[in-house]
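A.B. asks: Before anything else, here's the structure in question.
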Amino acid sequence: MSDHRLIATELLADDLRDVGPLLPAGADDEDRTAQLLARAIEAFRRDETAWEAVAHRCDPEAEAMKTELKRRETMALLVSMRARTIRSEMEMHALGERVRELQAQHAAQRARAEARQASLRRLRRRIAAVESALAGPGGPVEAPVRSASFLGRLWRRRG
Amino acid sequence: MADDGRRVVFPPMGRVRVRLHGKTRRDFEALIRERGWTAEEGVKILLGYAAALARADRLSAEDRRHELGAARGELAVLRHRAFMADDAMRTLTMNVTGFEKSLEQFEKTLPRLDRQERELRARLDELVTEAARRGIAIAPEDPETSPIPHRFLDFYRRHVRE
């Protein structure tokens with residue numbers, strides 16, 4: 001089994017520009033980033049120990065150290081949060097566009113369905129009017145041949 | 001495009017790929033497990049940590065305090081924005097599902113309405129032919145006649161459909 005683990009992620013281009021000059025020399029970007037990461041892990045662990053040492057102290061030197069350690073951690077979280085927030089907002093925006101497209105399609109289909117319904121109503125009224133004219137004062141009218149509905153056929157069969 | 005028609009521009013993003021192995025991989029995995037970060041978050045945070053460390057020597061005590069205050073403020077705003085975006089996405093996802101279902105339904109309903117319309121037209125043609133055969137005059141259609149009173153339609157549109 002390979003010991004390697006490849007991780008791909010994204011950062012704001014501005015943040016990435018700050019990281020670029022910190023990468024050690026070398027040809028392979030993935031490897032150079034791993035070396036920088038190794039140094040960052042080492043510093044992070046060292047700072048955790050430093051925090052333990054000053055956390056309960058209130059002298060000016062300890063306060064200055066605490067401020068610096070908090071600054072480092074907050075700045076690091078900020079880099080991650082910027083990328084995460086912008087990515088979420090991009091996805092939200094894309095989803096909003098998709099909703100707008102679907103809304104337009106939906107409105108068009110609804111208008112089509114309403115036009116069909118109106119047309120069906122008009123045709124039914126027209127058929128009723130013509131049927132009434134055919135059955136009018138001219139006497140009993142032979143019903144024109146029409147295809148019987150399911151219920152009509154059932155009724156006739158029962159009769 | 002934003003709701004008001006303006007084009008939305010996002011800050012550019014850049015891809016980062018890192019290949020971890022051996023001790024670095026083990027240390028990285030132990031740290032993200034302890035902190036509850038995902039691997040992607042771990043990479044971003046640690047790269048940010050390296051950048052913050054690199055600035056440490058260039059800052060006075062006063063600058064550090066100011067930078068910490070500003071960073072905390074920005075972090076709070078970003079967390080709120082991310083929360084709002086996630087919340088909006090939940091609603092938008094529900095909208096997408098709703099519209100897609102509704103469009104699926106239209107795909108089934110519209111052919112049925114088309115078929116009904118064709119059948120009624122054929123029926124009307126039969127009747128009109130029959131009337132002509134018998135010499136019965138048929139009054140022309142009044143396209144404006146609606147069997148539903150307009151006041152009711154207005155009420156329906158205002159309170160039921162919208």
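Every chain in the structure tokens has a letter given in the order shown (A, B, ...), and although residue numbers restart at 1 in each chain, ligands are simply numbered from 1 in the order shown.
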Tell me which protein, DNA and RNA residues are within 8 Å of stretch 131-136 of chain A, counting only C-alpha atoms, leaving out same-chain ones fewer than 5 positions away, and put them as number ranges by chain.
C.D. replies: A: 141; B: 127, 131, 136, 138
A.B. asks: Name all residues at most 12 Å from stretch 23-33 of chain A (count only C-alpha atoms; drop same-chain ones fewer than 4 positions away) and give them as a PyMOL selection string.
C.D. replies: (chain A and resi 4-9+16-19+37-40) or (chain B and resi 15-21+24-25+43-44+46-47+50-51+54)
A.B. asks: Can you work out which residues from chain A touch chain B at a cut-off of 7 Å (counting only C-alpha atoms) and hand them back as a PyMOL selection string?
C.D. replies: chain A and resi 3-13+16+18-19+30-31+33-34+37-38+40-41+64+67-68+71-82+85+88-89+92+95-96+99+102-103+106+109+113+116+120+123+126-127+130+133-134+144
A.B. asks: Name the residues of stretch 8-104 of chain A that come out as strand (DSSP E) in a backbone DSSP run; write them as an MDAnalysis selection string.
C.D. replies: chainID A and resid 8:12
A.B. asks: Apply DSSP to the structure's backbone, then extract all residues of chain B labelled alpha helix (DSSP H) and return them as an mmCIF file with C-alpha atoms, in the first residue's frame.
C.D. replies:
data_model
loop_
_atom_site.group_PDB
_atom_site.id
_atom_site.type_symbol
_atom_site.label_atom_id
_atom_site.label_comp_id
_atom_site.auth_asym_id
_atom_site.auth_seq_id
_atom_site.Cartn_x
_atom_site.Cartn_y
_atom_site.Cartn_z
ATOM 1 C CA GLY B 22 6.213 9.273 6.072
ATOM 2 C CA LYS B 23 6.532 11.303 9.273
ATOM 3 C CA THR B 24 4.890 14.415 7.800
ATOM 4 C CA ARG B 25 1.803 12.411 6.914
ATOM 5 C CA ARG B 26 1.639 10.815 10.389
ATOM 6 C CA ASP B 27 2.130 14.172 12.157
ATOM 7 C CA PHE B 28 -0.440 15.833 9.906
ATOM 8 C CA GLU B 29 -3.043 13.144 10.488
ATOM 9 C CA ALA B 30 -2.493 13.186 14.261
ATOM 10 C CA LEU B 31 -2.916 16.976 14.346
ATOM 11 C CA ILE B 32 -6.100 17.124 12.259
ATOM 12 C CA ARG B 33 -7.590 14.269 14.314
ATOM 13 C CA GLU B 34 -6.841 16.130 17.564
ATOM 14 C CA ARG B 35 -8.249 19.388 16.255
ATOM 15 C CA ALA B 39 -7.630 17.163 5.676
ATOM 16 C CA GLU B 40 -8.441 20.124 3.371
ATOM 17 C CA GLU B 41 -8.985 22.428 6.353
ATOM 18 C CA GLY B 42 -5.772 21.140 7.898
ATOM 19 C CA VAL B 43 -3.761 22.073 4.798
ATOM 20 C CA LYS B 44 -5.314 25.551 4.597
ATOM 21 C CA ILE B 45 -4.896 26.275 8.304
ATOM 22 C CA LEU B 46 -1.292 25.095 8.383
ATOM 23 C CA LEU B 47 -0.385 27.105 5.297
ATOM 24 C CA GLY B 48 -2.048 30.103 6.956
ATOM 25 C CA TYR B 49 -0.054 29.361 10.093
ATOM 26 C CA ALA B 50 3.159 29.399 8.099
ATOM 27 C CA ALA B 51 2.188 32.774 6.604
ATOM 28 C CA ALA B 52 1.312 34.188 10.054
ATOM 29 C CA LEU B 53 4.654 32.972 11.447
ATOM 30 C CA ALA B 54 6.542 34.598 8.594
ATOM 31 C CA ARG B 55 5.040 37.985 9.508
ATOM 32 C CA ALA B 56 5.762 37.684 13.251
ATOM 33 C CA ALA B 61 3.560 44.534 19.878
ATOM 34 C CA GLU B 62 1.019 47.203 18.944
ATOM 35 C CA ASP B 63 0.679 45.847 15.374
ATOM 36 C CA ARG B 64 0.127 42.337 16.727
ATOM 37 C CA ARG B 65 -2.717 43.499 18.945
ATOM 38 C CA HIS B 66 -4.302 45.381 16.073
ATOM 39 C CA GLU B 67 -3.859 42.488 13.672
ATOM 40 C CA LEU B 68 -5.393 40.070 16.187
ATOM 41 C CA GLY B 69 -8.392 42.363 16.714
ATOM 42 C CA ALA B 70 -8.939 42.823 12.985
ATOM 43 C CA ALA B 71 -8.541 39.087 12.318
ATOM 44 C CA ARG B 72 -11.080 38.216 15.009
ATOM 45 C CA GLY B 73 -13.543 40.697 13.513
ATOM 46 C CA GLU B 74 -13.063 39.344 10.005
ATOM 47 C CA LEU B 75 -13.373 35.768 11.236
ATOM 48 C CA ALA B 76 -16.704 36.557 12.926
ATOM 49 C CA VAL B 77 -18.015 38.194 9.742
ATOM 50 C CA LEU B 78 -16.843 35.267 7.592
ATOM 51 C CA ARG B 79 -18.485 32.740 9.910
ATOM 52 C CA HIS B 80 -21.734 34.674 9.702
ATOM 53 C CA ARG B 81 -21.498 34.877 5.897
ATOM 54 C CA ALA B 82 -20.775 31.148 5.642
ATOM 55 C CA PHE B 83 -23.730 30.402 7.914
ATOM 56 C CA MET B 84 -26.011 32.614 5.805
ATOM 57 C CA ALA B 85 -24.761 31.001 2.578
ATOM 58 C CA ASP B 86 -25.300 27.483 3.956
ATOM 59 C CA ASP B 87 -28.753 28.440 5.167
ATOM 60 C CA ALA B 88 -29.661 29.975 1.792
ATOM 61 C CA MET B 89 -28.369 26.841 0.050
ATOM 62 C CA ARG B 90 -30.719 24.661 2.076
ATOM 63 C CA THR B 91 -33.669 26.784 0.931
ATOM 64 C CA LEU B 92 -32.427 26.959 -2.671
ATOM 65 C CA THR B 93 -31.911 23.186 -2.761
ATOM 66 C CA MET B 94 -35.523 22.745 -1.640
ATOM 67 C CA ASN B 95 -36.599 25.179 -4.386
ATOM 68 C CA VAL B 96 -34.642 23.231 -7.003
ATOM 69 C CA THR B 97 -36.271 19.977 -5.853
ATOM 70 C CA GLY B 98 -39.715 21.577 -5.890
ATOM 71 C CA PHE B 99 -39.331 23.109 -9.355
ATOM 72 C CA GLU B 100 -37.848 19.902 -10.786
ATOM 73 C CA LYS B 101 -40.770 17.846 -9.455
ATOM 74 C CA SER B 102 -43.240 20.381 -10.763
ATOM 75 C CA LEU B 103 -41.578 20.395 -14.213
ATOM 76 C CA GLU B 104 -41.644 16.578 -14.215
ATOM 77 C CA GLN B 105 -45.366 16.790 -13.542
ATOM 78 C CA PHE B 106 -45.818 19.242 -16.433
ATOM 79 C CA GLU B 107 -43.979 16.771 -18.685
ATOM 80 C CA LYS B 108 -46.737 14.273 -17.900
ATOM 81 C CA THR B 109 -49.677 16.704 -17.890
ATOM 82 C CA LEU B 110 -48.992 18.679 -21.055
ATOM 83 C CA PRO B 111 -49.081 15.704 -23.485
ATOM 84 C CA ARG B 112 -52.356 14.620 -21.842
ATOM 85 C CA LEU B 113 -53.835 18.103 -22.337
ATOM 86 C CA ASP B 114 -52.589 18.128 -25.954
ATOM 87 C CA ARG B 115 -54.270 14.766 -26.545
ATOM 88 C CA GLN B 116 -57.529 15.980 -24.974
ATOM 89 C CA GLU B 117 -57.421 19.086 -27.145
ATOM 90 C CA ARG B 118 -56.954 17.001 -30.319
ATOM 91 C CA GLU B 119 -59.860 14.739 -29.329
ATOM 92 C CA LEU B 120 -62.177 17.673 -28.617
ATOM 93 C CA ARG B 121 -61.219 19.352 -31.902
ATOM 94 C CA ALA B 122 -61.994 16.132 -33.774
ATOM 95 C CA ARG B 123 -65.339 15.903 -31.946
ATOM 96 C CA LEU B 124 -66.130 19.518 -32.788
ATOM 97 C CA ASP B 125 -65.269 18.927 -36.452
ATOM 98 C CA GLU B 126 -67.628 15.927 -36.503
ATOM 99 C CA LEU B 127 -70.431 18.018 -35.006
ATOM 100 C CA VAL B 128 -69.853 20.973 -37.316
ATOM 101 C CA THR B 129 -69.861 18.639 -40.334
ATOM 102 C CA GLU B 130 -73.082 17.075 -39.067
ATOM 103 C CA ALA B 131 -74.660 20.527 -38.600
ATOM 104 C CA ALA B 132 -73.619 21.524 -42.140
ATOM 105 C CA ARG B 133 -75.066 18.285 -43.518
ATOM 106 C CA ARG B 134 -78.398 19.147 -41.893
ATOM 107 C CA HIS B 150 -63.656 37.687 -13.331
ATOM 108 C CA ARG B 151 -64.060 38.727 -9.725
ATOM 109 C CA PHE B 152 -63.662 35.114 -8.655
ATOM 110 C CA LEU B 153 -60.616 34.681 -10.905
ATOM 111 C CA ASP B 154 -59.026 37.794 -9.423
ATOM 112 C CA PHE B 155 -59.620 36.477 -5.910
ATOM 113 C CA TYR B 156 -58.202 33.088 -6.885
#
A.B. asks: Figure out the distance between atom CA of A:Lys66 and atom CA of A:Trp51, please, to one decimal in Å.
C.D. replies: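 Atom CA of A:Trp51 sits 6.9 Å away from atom CA of A:Lys66.
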A.B. asks: Atom CA of A:Asp14 to atom CA of B:Thr38: how many Å, to one decimal?
C.D. replies: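 Atom-to-atom, atom CA of A:Asp14 and atom CA of B:Thr38 are spaced 22.2 Å apart.
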A.B. asks: If I take atom CA of A:Glu42 and atom CA of B:Ser60, how far is one from the other in Å, to one decimal?
C.D. replies: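 Between atom CA of A:Glu42 and atom CA of B:Ser60 the gap is 24.0 Å.
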A.B. asks: Pick the closest to A:Glu52 from A:Pro21, A:Arg98, A:Leu36, A:Leu69: which is it, counting only C-alpha atoms?
C.D. replies: A:Leu69
